[in-house]
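Engineer: What follows is structure.csv; its format and atoms are CSV, C-alpha atoms.
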```csv
chain,number,residue,atom,x,y,z
A,6,MET,CA,59.4,66.1,20.7
A,7,PRO,CA,60.0,67.7,24.2
A,8,ALA,CA,59.1,71.3,24.7
A,9,HIS,CA,62.8,72.3,24.9
A,10,ALA,CA,63.6,70.8,21.5
A,11,SER,CA,64.0,73.0,18.5
A,12,PRO,CA,61.2,73.1,15.9
A,13,LYS,CA,60.9,70.4,13.4
A,14,GLN,CA,63.4,70.7,10.6
A,15,PHE,CA,62.3,68.8,7.5
A,16,PRO,CA,64.6,68.7,4.4
A,17,ASP,CA,63.4,69.8,1.0
A,18,PRO,CA,62.9,67.7,-1.0
A,19,PRO,CA,61.9,64.9,1.4
A,20,PRO,CA,64.3,62.0,1.9
A,21,ARG,CA,64.3,59.4,-0.8
A,22,THR,CA,66.8,56.8,0.6
A,23,PRO,CA,67.3,55.1,3.9
A,24,ARG,CA,70.6,57.1,4.2
A,25,ASP,CA,68.6,60.3,4.0
A,26,VAL,CA,66.2,59.1,6.7
A,27,ARG,CA,69.0,57.9,8.8
A,28,ALA,CA,70.7,61.3,8.7
A,29,TRP,CA,67.5,63.1,9.7
A,30,LEU,CA,66.9,60.6,12.5
A,31,GLU,CA,70.4,61.1,13.9
A,32,SER,CA,69.9,64.9,13.9
A,33,ALA,CA,66.4,64.6,15.4
A,34,VAL,CA,67.5,62.3,18.2
A,35,ALA,CA,70.5,64.5,19.0
A,36,ARG,CA,68.1,67.5,19.3
A,37,ALA,CA,65.7,65.6,21.6
A,38,THR,CA,68.4,64.2,23.9
A,39,GLY,CA,71.0,66.9,23.9
A,40,LEU,CA,73.6,64.4,22.5
A,41,ASP,CA,76.3,65.3,20.1
A,42,PRO,CA,75.1,64.1,16.7
A,43,ASP,CA,78.5,62.4,16.1
A,44,THR,CA,77.9,60.3,19.2
A,45,VAL,CA,74.5,59.0,18.3
A,46,ASP,CA,74.9,55.3,17.7
A,47,PRO,CA,72.5,54.2,14.9
A,48,ASN,CA,72.6,50.6,16.0
A,49,ARG,CA,71.5,51.2,19.6
A,50,PRO,CA,67.8,51.2,20.6
A,51,LEU,CA,66.4,54.7,20.7
A,52,ALA,CA,65.2,54.2,24.2
A,53,GLU,CA,68.8,53.6,25.4
A,54,LEU,CA,69.7,56.9,23.8
A,55,GLY,CA,67.3,58.6,26.1
A,56,LEU,CA,63.9,58.8,24.3
A,57,GLY,CA,60.8,57.9,26.3
A,58,SER,CA,57.7,56.3,25.0
A,59,ARG,CA,55.9,59.6,24.3
A,60,GLN,CA,58.9,61.0,22.5
A,61,LEU,CA,59.1,57.8,20.4
A,62,VAL,CA,55.4,58.2,19.4
A,63,THR,CA,56.1,61.8,18.5
A,64,LEU,CA,59.1,60.8,16.5
A,65,ALA,CA,56.9,58.4,14.5
A,66,ALA,CA,54.4,61.2,13.8
A,67,GLU,CA,57.2,63.5,12.6
A,68,LEU,CA,58.6,60.7,10.4
A,69,ALA,CA,55.1,60.4,8.8
A,70,ASP,CA,55.1,64.1,8.1
A,71,LEU,CA,58.7,64.0,6.8
A,72,THR,CA,58.0,61.2,4.3
A,73,GLY,CA,54.4,61.9,3.5
A,74,ARG,CA,53.5,58.4,4.5
A,75,THR,CA,51.0,56.9,6.9
A,76,LEU,CA,53.1,55.2,9.6
A,77,ASP,CA,51.9,53.2,12.5
A,78,PRO,CA,53.5,54.4,15.8
A,79,SER,CA,54.4,50.8,16.5
A,80,LEU,CA,57.0,51.1,13.8
A,81,VAL,CA,59.5,52.7,16.2
A,82,PHE,CA,59.0,49.8,18.6
A,83,ASP,CA,59.2,47.0,16.0
A,84,HIS,CA,62.4,48.6,14.5
A,85,PRO,CA,64.1,49.9,17.6
A,86,THR,CA,67.4,51.4,16.2
A,87,ILE,CA,67.9,54.3,13.8
A,88,ALA,CA,69.5,51.9,11.2
A,89,ALA,CA,66.6,49.5,11.3
A,90,LEU,CA,64.0,52.3,11.4
A,91,ALA,CA,65.5,54.1,8.4
A,92,GLU,CA,65.3,50.9,6.3
A,93,ALA,CA,61.7,50.2,7.4
A,94,VAL,CA,60.3,53.7,6.8
A,95,LEU,CA,60.8,53.6,3.0
A,96,ASP,CA,60.2,49.9,2.6
A,97,ASP,CA,57.3,49.7,0.0
A,98,ARG,CA,57.2,45.9,0.1
A,99,PRO,CA,53.8,44.7,1.4
A,100,ALA,CA,54.1,42.8,4.6
A,101,ALA,CA,54.5,39.1,4.0
A,102,PRO,CA,51.3,37.3,4.9
A,103,ALA,CA,51.6,35.1,7.9
A,104,THR,CA,51.3,31.6,6.5
A,105,PRO,CA,50.2,28.8,8.7
A,106,ARG,CA,52.2,25.6,8.8
A,107,GLU,CA,50.9,23.4,6.0
A,108,PRO,CA,49.8,19.9,6.9
A,109,ASP,CA,52.2,17.3,5.9
A,110,GLY,CA,50.1,14.3,6.5
A,111,THR,CA,50.6,14.3,10.3
A,112,ASP,CA,48.7,16.2,12.9
A,113,PRO,CA,51.1,18.7,14.6
A,114,HIS,CA,48.8,18.6,17.6
A,115,ARG,CA,48.3,15.4,19.5
A,116,HIS,CA,44.8,15.5,21.0
A,117,ASP,CA,46.0,13.5,24.0
A,118,ASP,CA,47.9,16.6,24.9
A,119,ASP,CA,44.6,18.6,25.4
A,120,ILE,CA,44.3,19.8,29.0
A,121,ALA,CA,40.9,20.3,30.7
A,122,ILE,CA,40.1,23.0,33.3
A,123,VAL,CA,37.8,21.1,35.7
A,124,SER,CA,37.5,23.7,38.4
A,125,MET,CA,38.3,27.3,39.3
A,126,ALA,CA,38.1,29.7,42.2
A,127,CYS,CA,38.9,33.4,42.6
A,128,ARG,CA,39.0,36.5,44.8
A,129,LEU,CA,38.7,39.6,42.7
A,130,PRO,CA,37.5,43.2,43.2
A,131,GLY,CA,33.7,43.0,43.5
A,132,ALA,CA,33.7,39.2,43.1
A,133,ASP,CA,34.6,36.4,45.6
A,134,ASP,CA,33.8,33.5,43.2
A,135,PRO,CA,33.5,32.8,39.5
A,136,ASP,CA,29.7,33.2,39.6
A,137,ALA,CA,30.0,36.7,41.1
A,138,LEU,CA,32.6,37.6,38.5
A,139,TRP,CA,30.2,36.6,35.7
A,140,ARG,CA,27.4,38.8,37.3
A,141,LEU,CA,29.8,41.7,37.7
A,142,LEU,CA,30.7,41.5,34.0
A,143,ASP,CA,27.2,40.9,32.8
A,144,GLU,CA,25.8,43.9,34.7
A,145,GLY,CA,28.7,46.1,33.7
A,146,ARG,CA,29.5,47.2,37.2
A,147,GLU,CA,32.7,48.9,38.1
A,148,ALA,CA,35.0,47.5,40.8
A,149,VAL,CA,37.6,50.3,40.9
A,150,GLY,CA,37.6,52.4,44.0
A,151,ASP,CA,39.7,54.2,46.6
A,152,VAL,CA,42.4,52.7,48.8
A,153,PRO,CA,40.7,50.7,51.6
A,154,ALA,CA,40.9,52.2,55.1
A,155,GLY,CA,44.0,51.0,57.0
A,156,ARG,CA,45.8,49.7,53.8
A,157,TRP,CA,48.4,52.5,53.5
A,158,ASP,CA,49.0,55.8,55.1
A,159,THR,CA,47.6,57.9,52.3
A,160,GLN,CA,48.2,61.2,54.1
A,161,ASP,CA,50.3,63.5,51.8
A,162,LEU,CA,50.6,60.6,49.3
A,163,TYR,CA,48.3,62.1,46.7
A,164,ASP,CA,49.6,65.0,44.5
A,165,PRO,CA,48.2,65.9,41.0
A,166,ASP,CA,51.6,66.9,39.9
A,167,PRO,CA,53.2,63.9,38.0
A,168,GLU,CA,56.6,65.1,39.0
A,169,ALA,CA,56.0,65.2,42.7
A,170,THR,CA,58.6,63.0,44.3
A,171,GLY,CA,57.4,60.2,46.5
A,172,ARG,CA,53.7,60.8,45.6
A,173,ALA,CA,51.1,59.7,43.1
A,174,TYR,CA,48.6,61.6,41.1
A,175,SER,CA,46.1,58.7,41.4
A,176,LEU,CA,45.5,56.2,44.1
A,177,ARG,CA,42.5,54.5,42.7
A,178,GLY,CA,42.6,50.8,42.0
A,179,GLY,CA,40.8,47.5,42.1
A,180,TYR,CA,41.2,46.6,45.7
A,181,LEU,CA,40.2,43.5,47.7
A,182,ARG,CA,38.6,43.9,51.1
A,183,ASP,CA,39.5,42.1,54.3
A,184,ILE,CA,42.8,40.8,53.1
A,185,ASP,CA,43.9,40.6,56.8
A,186,ARG,CA,41.3,37.9,57.5
A,187,PHE,CA,42.7,34.3,57.5
A,188,ASP,CA,41.6,31.2,59.3
A,189,ALA,CA,45.0,30.0,60.4
A,190,ALA,CA,43.8,27.2,62.6
A,191,PHE,CA,41.9,25.7,59.7
A,192,PHE,CA,45.2,25.2,57.9
A,193,GLY,CA,47.1,24.1,61.0
A,194,ILE,CA,49.1,27.3,61.1
A,195,SER,CA,49.9,29.1,64.3
A,196,PRO,CA,48.9,32.8,64.8
A,197,ARG,CA,52.6,33.7,65.0
A,198,GLU,CA,53.4,32.1,61.7
A,199,ALA,CA,50.3,33.4,60.0
A,200,ALA,CA,51.2,37.0,60.9
A,201,ALA,CA,54.6,36.5,59.2
A,202,MET,CA,53.0,35.1,56.0
A,203,ASP,CA,52.7,37.4,53.1
A,204,PRO,CA,48.9,38.0,52.6
A,205,GLN,CA,49.4,36.8,49.0
A,206,GLN,CA,50.4,33.4,50.4
A,207,ARG,CA,47.3,33.3,52.6
A,208,LEU,CA,45.1,34.3,49.7
A,209,LEU,CA,46.6,31.6,47.4
A,210,LEU,CA,46.2,28.9,50.0
A,211,ARG,CA,42.5,29.7,50.6
A,212,THR,CA,41.7,30.0,46.8
A,213,ALA,CA,43.6,26.8,45.9
A,214,TRP,CA,41.7,24.9,48.6
A,215,GLU,CA,38.4,26.2,47.3
A,216,ALA,CA,39.3,25.2,43.7
A,217,VAL,CA,39.8,21.6,44.9
A,218,GLU,CA,36.5,21.6,46.7
A,219,ARG,CA,34.7,23.1,43.7
A,220,ALA,CA,35.9,20.1,41.6
A,221,GLY,CA,34.0,17.9,44.1
A,222,ILE,CA,37.3,16.6,45.5
A,223,VAL,CA,37.8,16.2,49.3
A,224,PRO,CA,41.1,17.9,49.8
A,225,ALA,CA,42.4,15.3,52.2
A,226,THR,CA,42.2,12.6,49.4
A,227,LEU,CA,44.9,14.4,47.5
A,228,ASN,CA,47.5,13.6,50.2
A,229,GLY,CA,50.4,11.8,48.6
A,230,SER,CA,49.0,12.3,45.0
A,231,SER,CA,51.0,13.3,42.0
A,232,THR,CA,49.5,16.8,41.9
A,233,GLY,CA,51.5,19.8,40.8
A,234,VAL,CA,51.3,23.4,41.9
A,235,TYR,CA,52.2,26.3,39.6
A,236,VAL,CA,51.9,29.8,40.9
A,237,GLY,CA,52.6,33.2,39.4
A,238,LEU,CA,53.6,35.7,42.0
A,239,TYR,CA,55.3,39.1,42.5
A,240,ASP,CA,57.3,40.1,45.6
A,241,SER,CA,54.8,42.2,47.4
A,242,GLY,CA,57.3,43.9,49.7
A,243,TYR,CA,55.5,42.5,52.8
A,244,LEU,CA,57.7,42.9,55.9
A,245,ALA,CA,60.5,44.3,53.7
A,246,SER,CA,61.2,46.9,56.3
A,247,ALA,CA,61.3,44.5,59.3
A,248,GLY,CA,64.2,45.1,61.6
A,249,LEU,CA,66.6,42.3,62.6
A,250,GLY,CA,64.8,42.0,66.0
A,251,GLU,CA,61.6,41.2,64.2
A,252,LEU,CA,62.9,38.1,62.5
A,253,ASP,CA,61.3,35.3,64.4
A,254,GLY,CA,62.0,32.2,62.2
A,255,HIS,CA,58.8,32.5,60.2
A,256,VAL,CA,59.5,35.7,58.2
A,257,GLY,CA,61.9,33.9,55.8
A,258,THR,CA,59.3,31.3,54.6
A,259,GLY,CA,56.4,33.7,55.1
A,260,THR,CA,57.7,36.3,52.6
A,261,ALA,CA,59.6,34.2,50.1
A,262,PRO,CA,57.7,33.9,46.8
A,263,SER,CA,59.2,30.5,46.2
A,264,VAL,CA,57.4,29.2,49.3
A,265,ALA,CA,53.9,30.1,48.0
A,266,SER,CA,53.6,27.1,45.8
A,267,GLY,CA,55.4,24.9,48.3
A,268,ARG,CA,53.0,25.9,51.1
A,269,ILE,CA,50.0,24.8,49.0
A,270,ALA,CA,51.7,21.5,48.3
A,271,TYR,CA,52.6,21.1,52.0
A,272,SER,CA,49.1,21.9,53.2
A,273,LEU,CA,47.4,19.4,50.8
A,274,GLY,CA,50.2,16.8,50.9
A,275,LEU,CA,50.9,17.1,47.1
A,276,ARG,CA,54.0,15.3,45.6
A,277,GLY,CA,54.0,16.8,42.1
A,278,PRO,CA,56.2,19.7,41.1
A,279,ALA,CA,55.7,23.0,43.1
A,280,VAL,CA,56.9,26.0,41.1
A,281,THR,CA,56.6,29.8,41.7
A,282,VAL,CA,57.0,31.9,38.6
A,283,ASP,CA,57.7,35.7,38.3
A,284,THR,CA,57.6,36.8,34.7
A,285,ALA,CA,55.9,40.1,35.6
A,286,CYS,CA,52.4,40.6,34.1
A,287,SER,CA,52.4,37.2,32.3
A,288,SER,CA,53.2,35.2,35.5
A,289,SER,CA,49.9,33.4,35.9
A,290,LEU,CA,49.7,32.6,32.2
A,291,VAL,CA,53.2,31.2,32.3
A,292,ALA,CA,52.2,29.2,35.3
A,293,LEU,CA,49.3,27.8,33.4
A,294,HIS,CA,51.6,27.0,30.4
A,295,LEU,CA,54.0,25.1,32.6
A,296,ALA,CA,51.3,23.2,34.4
A,297,ALA,CA,49.7,22.1,31.1
A,298,ARG,CA,53.1,21.0,29.8
A,299,ALA,CA,53.8,19.1,33.0
A,300,LEU,CA,50.5,17.2,32.7
A,301,ALA,CA,51.0,16.5,29.0
A,302,GLY,CA,54.5,15.2,29.8
A,303,GLY,CA,53.4,13.0,32.7
A,304,GLU,CA,55.2,14.9,35.4
A,305,CYS,CA,51.9,15.1,37.3
A,306,ASP,CA,48.3,13.8,37.0
A,307,LEU,CA,46.5,16.9,38.4
A,308,ALA,CA,47.7,20.5,38.7
A,309,LEU,CA,46.7,23.7,40.4
A,310,ALA,CA,47.7,26.8,38.4
A,311,GLY,CA,47.1,30.5,39.1
A,312,GLY,CA,48.5,33.6,40.7
A,313,ALA,CA,47.8,36.4,43.2
A,314,THR,CA,48.7,40.1,43.5
A,315,LEU,CA,48.0,42.4,46.4
A,316,LEU,CA,49.0,46.1,46.5
A,317,LEU,CA,50.5,46.1,50.0
A,318,THR,CA,52.5,49.3,49.4
A,319,PRO,CA,52.0,52.3,47.2
A,320,ARG,CA,55.2,51.6,45.3
A,321,GLY,CA,53.4,50.8,42.0
A,322,HIS,CA,51.4,53.9,42.1
A,323,VAL,CA,54.3,56.2,42.9
A,324,GLU,CA,56.6,54.5,40.3
A,325,PHE,CA,54.1,54.8,37.5
A,326,SER,CA,53.3,58.4,38.4
A,327,ARG,CA,57.0,59.2,37.6
A,328,LEU,CA,56.5,57.4,34.2
A,329,ARG,CA,53.1,59.1,33.7
A,330,GLY,CA,51.7,55.7,33.1
A,331,LEU,CA,48.8,55.8,35.6
A,332,SER,CA,45.3,56.7,34.4
A,333,PRO,CA,44.6,60.2,35.9
A,334,SER,CA,40.9,59.4,35.5
A,335,GLY,CA,41.3,56.2,37.5
A,336,ARG,CA,39.7,54.2,34.7
A,337,CYS,CA,41.3,51.6,32.4
A,338,SER,CA,40.0,52.0,28.8
A,339,PRO,CA,42.0,49.6,26.5
A,340,PHE,CA,41.4,50.0,22.7
A,341,SER,CA,39.5,53.3,23.4
A,342,ALA,CA,40.2,56.9,22.4
A,343,ASP,CA,39.6,57.6,26.1
A,344,ALA,CA,42.5,55.4,27.2
A,345,ASP,CA,44.8,57.5,29.4
A,346,GLY,CA,46.9,54.9,31.4
A,347,VAL,CA,46.7,51.9,33.6
A,348,VAL,CA,44.8,51.2,36.8
A,349,TRP,CA,46.4,48.7,39.2
A,350,ALA,CA,44.2,46.0,40.7
A,351,GLU,CA,44.5,43.0,43.1
A,352,GLY,CA,43.2,39.5,42.9
A,353,CYS,CA,43.7,35.8,43.0
A,354,GLY,CA,42.7,33.1,40.6
A,355,VAL,CA,43.4,29.4,40.6
A,356,VAL,CA,42.3,26.7,38.1
A,357,LEU,CA,42.5,22.9,38.5
A,358,LEU,CA,43.8,21.1,35.5
A,359,LYS,CA,43.7,17.6,34.3
A,360,ARG,CA,44.5,15.7,31.1
A,361,LEU,CA,41.3,15.9,29.0
A,362,ALA,CA,41.2,12.1,28.5
A,363,ASP,CA,41.4,11.6,32.2
A,364,ALA,CA,38.7,14.2,32.9
A,365,ARG,CA,36.3,12.4,30.5
A,366,ARG,CA,37.2,9.0,32.0
A,367,ASP,CA,36.5,10.3,35.5
A,368,GLY,CA,33.3,12.1,34.6
A,369,ASP,CA,34.6,15.5,35.5
A,370,ARG,CA,32.8,18.7,34.4
A,371,VAL,CA,35.0,20.3,31.8
A,372,LEU,CA,34.8,24.1,32.0
A,373,ALA,CA,37.3,24.7,29.2
A,374,VAL,CA,40.1,23.0,27.2
A,375,VAL,CA,43.6,24.3,26.8
A,376,LYS,CA,44.7,23.0,23.4
A,377,GLY,CA,48.0,24.8,23.1
A,378,SER,CA,50.2,27.6,24.5
A,379,ALA,CA,53.6,29.1,23.8
A,380,LEU,CA,56.3,31.2,25.4
A,381,ASN,CA,58.9,33.6,24.1
A,382,GLN,CA,60.7,36.9,24.8
A,383,ASP,CA,61.1,40.1,22.9
A,384,GLY,CA,64.9,40.0,22.8
A,385,ARG,CA,66.5,43.4,22.2
A,386,SER,CA,63.5,45.6,21.5
A,387,GLN,CA,62.9,49.3,22.1
A,388,GLY,CA,64.0,49.3,25.7
A,389,LEU,CA,63.8,46.7,28.5
A,390,SER,CA,60.0,47.0,29.1
A,391,ALA,CA,58.9,47.9,25.6
A,392,PRO,CA,56.9,45.4,23.5
A,393,SER,CA,58.0,43.9,20.2
A,394,GLY,CA,55.2,43.4,17.6
A,395,PRO,CA,57.2,40.7,15.6
A,396,ALA,CA,58.0,38.7,18.8
A,397,GLN,CA,54.3,38.8,19.8
A,398,GLU,CA,53.2,37.6,16.4
A,399,ARG,CA,55.7,34.7,16.6
A,400,VAL,CA,54.4,33.6,20.0
A,401,VAL,CA,50.8,33.7,18.9
A,402,ARG,CA,51.6,31.7,15.8
A,403,ALA,CA,53.6,29.2,17.9
A,404,ALA,CA,50.6,28.8,20.2
A,405,LEU,CA,48.3,28.2,17.2
A,406,ASP,CA,50.7,25.7,15.7
A,407,THR,CA,50.9,23.9,19.0
A,408,ALA,CA,47.1,23.8,19.3
A,409,GLY,CA,46.7,22.6,15.6
A,410,LEU,CA,44.5,25.7,14.9
A,411,ARG,CA,44.4,28.4,12.3
A,412,PRO,CA,43.7,32.1,12.9
A,413,HIS,CA,40.2,31.8,11.4
A,414,ASP,CA,39.4,29.2,14.2
A,415,ILE,CA,39.6,31.9,16.8
A,416,ASP,CA,36.3,33.6,17.9
A,417,HIS,CA,37.5,35.6,20.9
A,418,VAL,CA,40.8,37.3,21.8
A,419,GLU,CA,41.7,38.6,25.3
A,420,ALA,CA,44.6,41.1,25.3
A,421,HIS,CA,46.7,42.5,28.1
```
For the structure just supplied, provide its representation as structure tokens.
Structural biologist:
Amino acid sequence: MPAHASPKQFPDPPPRTPRDVRAWLESAVARATGLDPDTVDPNRPLAELGLGSRQLVTLAAELADLTGRTLDPSLVFDHPTIAALAEAVLDDRPAAPATPREPDGTDPHRHDDDIAIVSMACRLPGADDPDALWRLLDEGREAVGDVPAGRWDTQDLYDPDPEATGRAYSLRGGYLRDIDRFDAAFFGISPREAAAMDPQQRLLLRTAWEAVERAGIVPATLNGSSTGVYVGLYDSGYLASAGLGELDGHVGTGTAPSVASGRIAYSLGLRGPAVTVDTACSSSLVALHLAARALAGGECDLALAGGATLLLTPRGHVEFSRLRGLSPSGRCSPFSADADGVVWAEGCGVVLLKRLADARRDGDRVLAVVKGSALNQDGRSQGLSAPSGPAQERVVRAALDTAGLRPHDIDHVEAH
């Protein structure tokens, strides 16, 4: 619990019923937050009562000591309220095994829904194409570094104190170089319009064009085709501080995330759906999901799917410094005892998708097959940005069911 909280107060004997645990939790939350115990709502998520992530993990550890049980810290996230947590802590029932859908004589997955990835292109820290990315990974090189010169005004921006207002205790990240370089004339864009374009739009346009060429397709031949564009994109904040006198008729389209997919469709003459998605960290995966579903449903015959992120302001670093979520070491170490936070990075990736049957008919090189995907949301979990283990389990199982696969069919898992 926080330094100002009173020492742990464990009852003797330890609690034997959910009611006992609930009473202790109400008292512990009141001590941690300064609330009157009578006002602590047992049916409201603990995060809404004022407990941060570190306090929640500490609470889980104290519960383990209190009950003499081994408790996973995720318990307080999977059971976000005092009422739910009190029931779960003393629940001795073994977790129900996740049972796959039993076959009923019909295949839940239609193989004509399989989607082929026939090309890809990327711009990533230390790698300007998929081959360079493979070499980077194979050689174990690190692409994290300091803020590129001229990106932000870093003077007085760094401060090792996590509480320093308007500053960040780490500025390291995975940065792209030369994001200001763009061949506007190649795409038929005037210098004036190009300057008003969010660099994320420019990056997506270049990378999408390259993905088409890597598939052995002359971009001009797609003009008028039923090709879709699905893009995952944040609002980068580009020109957000522009004064009214700087609005020249191009800023609106140049900075609108919705235009990013439409600009690709316009440049290539594509007549399929053009959709920009912002679902935070999952945006590009959601774009891929939507593109695959559109192909399977016949909304388009070819689809570009991907996303881009550029760190055009230090907002992310400063905001996460307040949350103490940045890695002070400037290194991201997931699933490691050395993990100490996140490291922001930039990049752009685009894949070209086609129905697998069509790709085989046309003799395309199939790089990978998307057999299934699924979407859901956490619902009312432990705070707006906190994960929900049960919800994540449901979406993984839904994806497996859609793909007609079982957990033992999976050899590799990538986690975010």
Engineer: In Å, with one decimal, what is the gap from atom CA of A:Ala408 to atom CA of A:Arg366?
Structural biologist: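 Atom-to-atom, atom CA of A:Ala408 to atom CA of A:Arg366, that is 21.9 Å.
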Engineer: Using all atoms listed in the file, pick whichever of A:Arg207, A:Arg186, A:His84, A:His421 has the shortest atom-to-atom distance to A:Pro339.
Structural biologist: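 Using all atoms listed in the file, A:Pro339 sits closest to A:His421.
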Engineer: Find, counting only C-alpha atoms, the residue in A:His413, A:Phe192, A:Gly335, A:Leu249 that gets nearest to A:Glu147.
Structural biologist: A:Gly335
Engineer: Go through A:Pro165, A:Gly377, A:Gly171, A:Gly384 and flag the residue nearest A:Pro319, using all atoms listed in the file for the distances.
Structural biologist: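 Closest to A:Pro319, using all atoms listed in the file: A:Gly171.
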Engineer: Go through A:Phe82, A:Gln382, A:Asp117, A:Met125 and flag the residue nearest A:Arg219, using all atoms listed in the file for the distances.
Structural biologist: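 Of A:Phe82, A:Gln382, A:Asp117, A:Met125, the one nearest A:Arg219, counting all atoms listed in the file, is A:Met125.
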Engineer: Taking 4 positions as the minimum chain separation for residues in the same chain, which residues sit within 6 Å of stretch 269-284 of chain A when counting all atoms listed in the file? Answer as a PDB file with C-alpha atoms, keeping the file's coordinate frame.
Structural biologist:
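Result file is selection39.pdb:
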```pdb
ATOM      1  CA  LEU A 210      46.200  28.900  50.000  1.00  0.00           C
ATOM      2  CA  ASN A 228      47.500  13.600  50.200  1.00  0.00           C
ATOM      3  CA  GLY A 229      50.400  11.800  48.600  1.00  0.00           C
ATOM      4  CA  SER A 230      49.000  12.300  45.000  1.00  0.00           C
ATOM      5  CA  SER A 231      51.000  13.300  42.000  1.00  0.00           C
ATOM      6  CA  THR A 232      49.500  16.800  41.900  1.00  0.00           C
ATOM      7  CA  GLY A 233      51.500  19.800  40.800  1.00  0.00           C
ATOM      8  CA  VAL A 234      51.300  23.400  41.900  1.00  0.00           C
ATOM      9  CA  TYR A 235      52.200  26.300  39.600  1.00  0.00           C
ATOM     10  CA  VAL A 236      51.900  29.800  40.900  1.00  0.00           C
ATOM     11  CA  GLY A 237      52.600  33.200  39.400  1.00  0.00           C
ATOM     12  CA  LEU A 238      53.600  35.700  42.000  1.00  0.00           C
ATOM     13  CA  TYR A 239      55.300  39.100  42.500  1.00  0.00           C
ATOM     14  CA  SER A 263      59.200  30.500  46.200  1.00  0.00           C
ATOM     15  CA  SER A 288      53.200  35.200  35.500  1.00  0.00           C
ATOM     16  CA  CYS A 305      51.900  15.100  37.300  1.00  0.00           C
TER      17      CYS A 305
END
```
Engineer: Out of A:Ala310, A:Leu95, A:Leu361, A:Ala33, which residue has the shortest atom-to-atom distance to A:Ala69 when counting only C-alpha atoms?
Structural biologist: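 Using only C-alpha atoms, A:Ala69 sits closest to A:Leu95.
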Engineer: Which residue gives the smallest distance to A:Ser326 among A:Ala169, A:Leu252, A:Leu142, A:Val152, with only C-alpha atoms counted?
Structural biologist: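 Comparing A:Ala169, A:Leu252, A:Leu142, A:Val152 against A:Ser326, the winner is A:Ala169.
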Engineer: Mind giving me the straight-line distance from atom CA of A:Glu215 to atom CA of A:Ala285 in Å, one decimal?
Structural biologist: 25.2 Å
Engineer: One decimal, in Å: what's the spacing between atom CA of A:Glu198 and atom CA of A:Gly254?
Structural biologist: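 Spanning atom CA of A:Glu198 to atom CA of A:Gly254 is a straight-line distance of 8.6 Å.
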Engineer: Which protein, DNA or RNA residues have an atom at most 8 Å from (54.0, 34.7, 61.8), counting only C-alpha atoms? List them as a PyMOL selection string.
Structural biologist: chain A and resi 195-202+253+255-256+259
Engineer: Quick one: everything within 7 Å of stretch 29-31 of chain A, counting all atoms listed in the file, minus sequence neighbours fewer than 2 positions away in the same chain. Send it as a VMD selection string.
Structural biologist: chain A and resid 25 to 27 33 to 35 42 45 87
Engineer: N, CA and C atoms are what I want for stretch 352-363 of chain A; can you complete it accordingly and write them as a short mmCIF file (atom, residue, chain, number, x, y, z; two decimals), in the coordinates of the input?
Structural biologist:
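What ended up in out_4.cif:
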```cif
data_model
loop_
_atom_site.label_atom_id
_atom_site.label_comp_id
_atom_site.auth_asym_id
_atom_site.auth_seq_id
_atom_site.Cartn_x
_atom_site.Cartn_y
_atom_site.Cartn_z
N GLY A 352 44.01 40.70 43.11
CA GLY A 352 43.20 39.50 42.90
C GLY A 352 43.94 38.24 42.99
N CYS A 353 43.18 37.16 42.93
CA CYS A 353 43.70 35.80 43.00
C CYS A 353 42.84 34.91 42.16
N GLY A 354 43.44 34.08 41.34
CA GLY A 354 42.70 33.10 40.60
C GLY A 354 43.44 31.80 40.50
N VAL A 355 42.74 30.70 40.65
CA VAL A 355 43.40 29.40 40.60
C VAL A 355 42.44 28.44 39.80
N VAL A 356 43.04 27.68 38.88
CA VAL A 356 42.30 26.70 38.10
C VAL A 356 42.87 25.30 38.45
N LEU A 357 42.02 24.29 38.35
CA LEU A 357 42.50 22.90 38.50
C LEU A 357 42.47 22.24 37.16
N LEU A 358 43.63 21.68 36.80
CA LEU A 358 43.80 21.10 35.50
C LEU A 358 44.01 19.61 35.51
N LYS A 359 43.60 19.01 34.39
CA LYS A 359 43.70 17.60 34.30
C LYS A 359 43.81 17.23 32.79
N ARG A 360 44.46 16.15 32.45
CA ARG A 360 44.50 15.70 31.10
C ARG A 360 43.01 15.48 30.62
N LEU A 361 42.65 15.99 29.43
CA LEU A 361 41.30 15.90 29.00
C LEU A 361 40.77 14.46 28.97
N ALA A 362 41.58 13.55 28.51
CA ALA A 362 41.20 12.10 28.50
C ALA A 362 40.86 11.62 29.87
N ASP A 363 41.67 12.03 30.85
CA ASP A 363 41.40 11.60 32.20
C ASP A 363 40.16 12.22 32.79
#
```
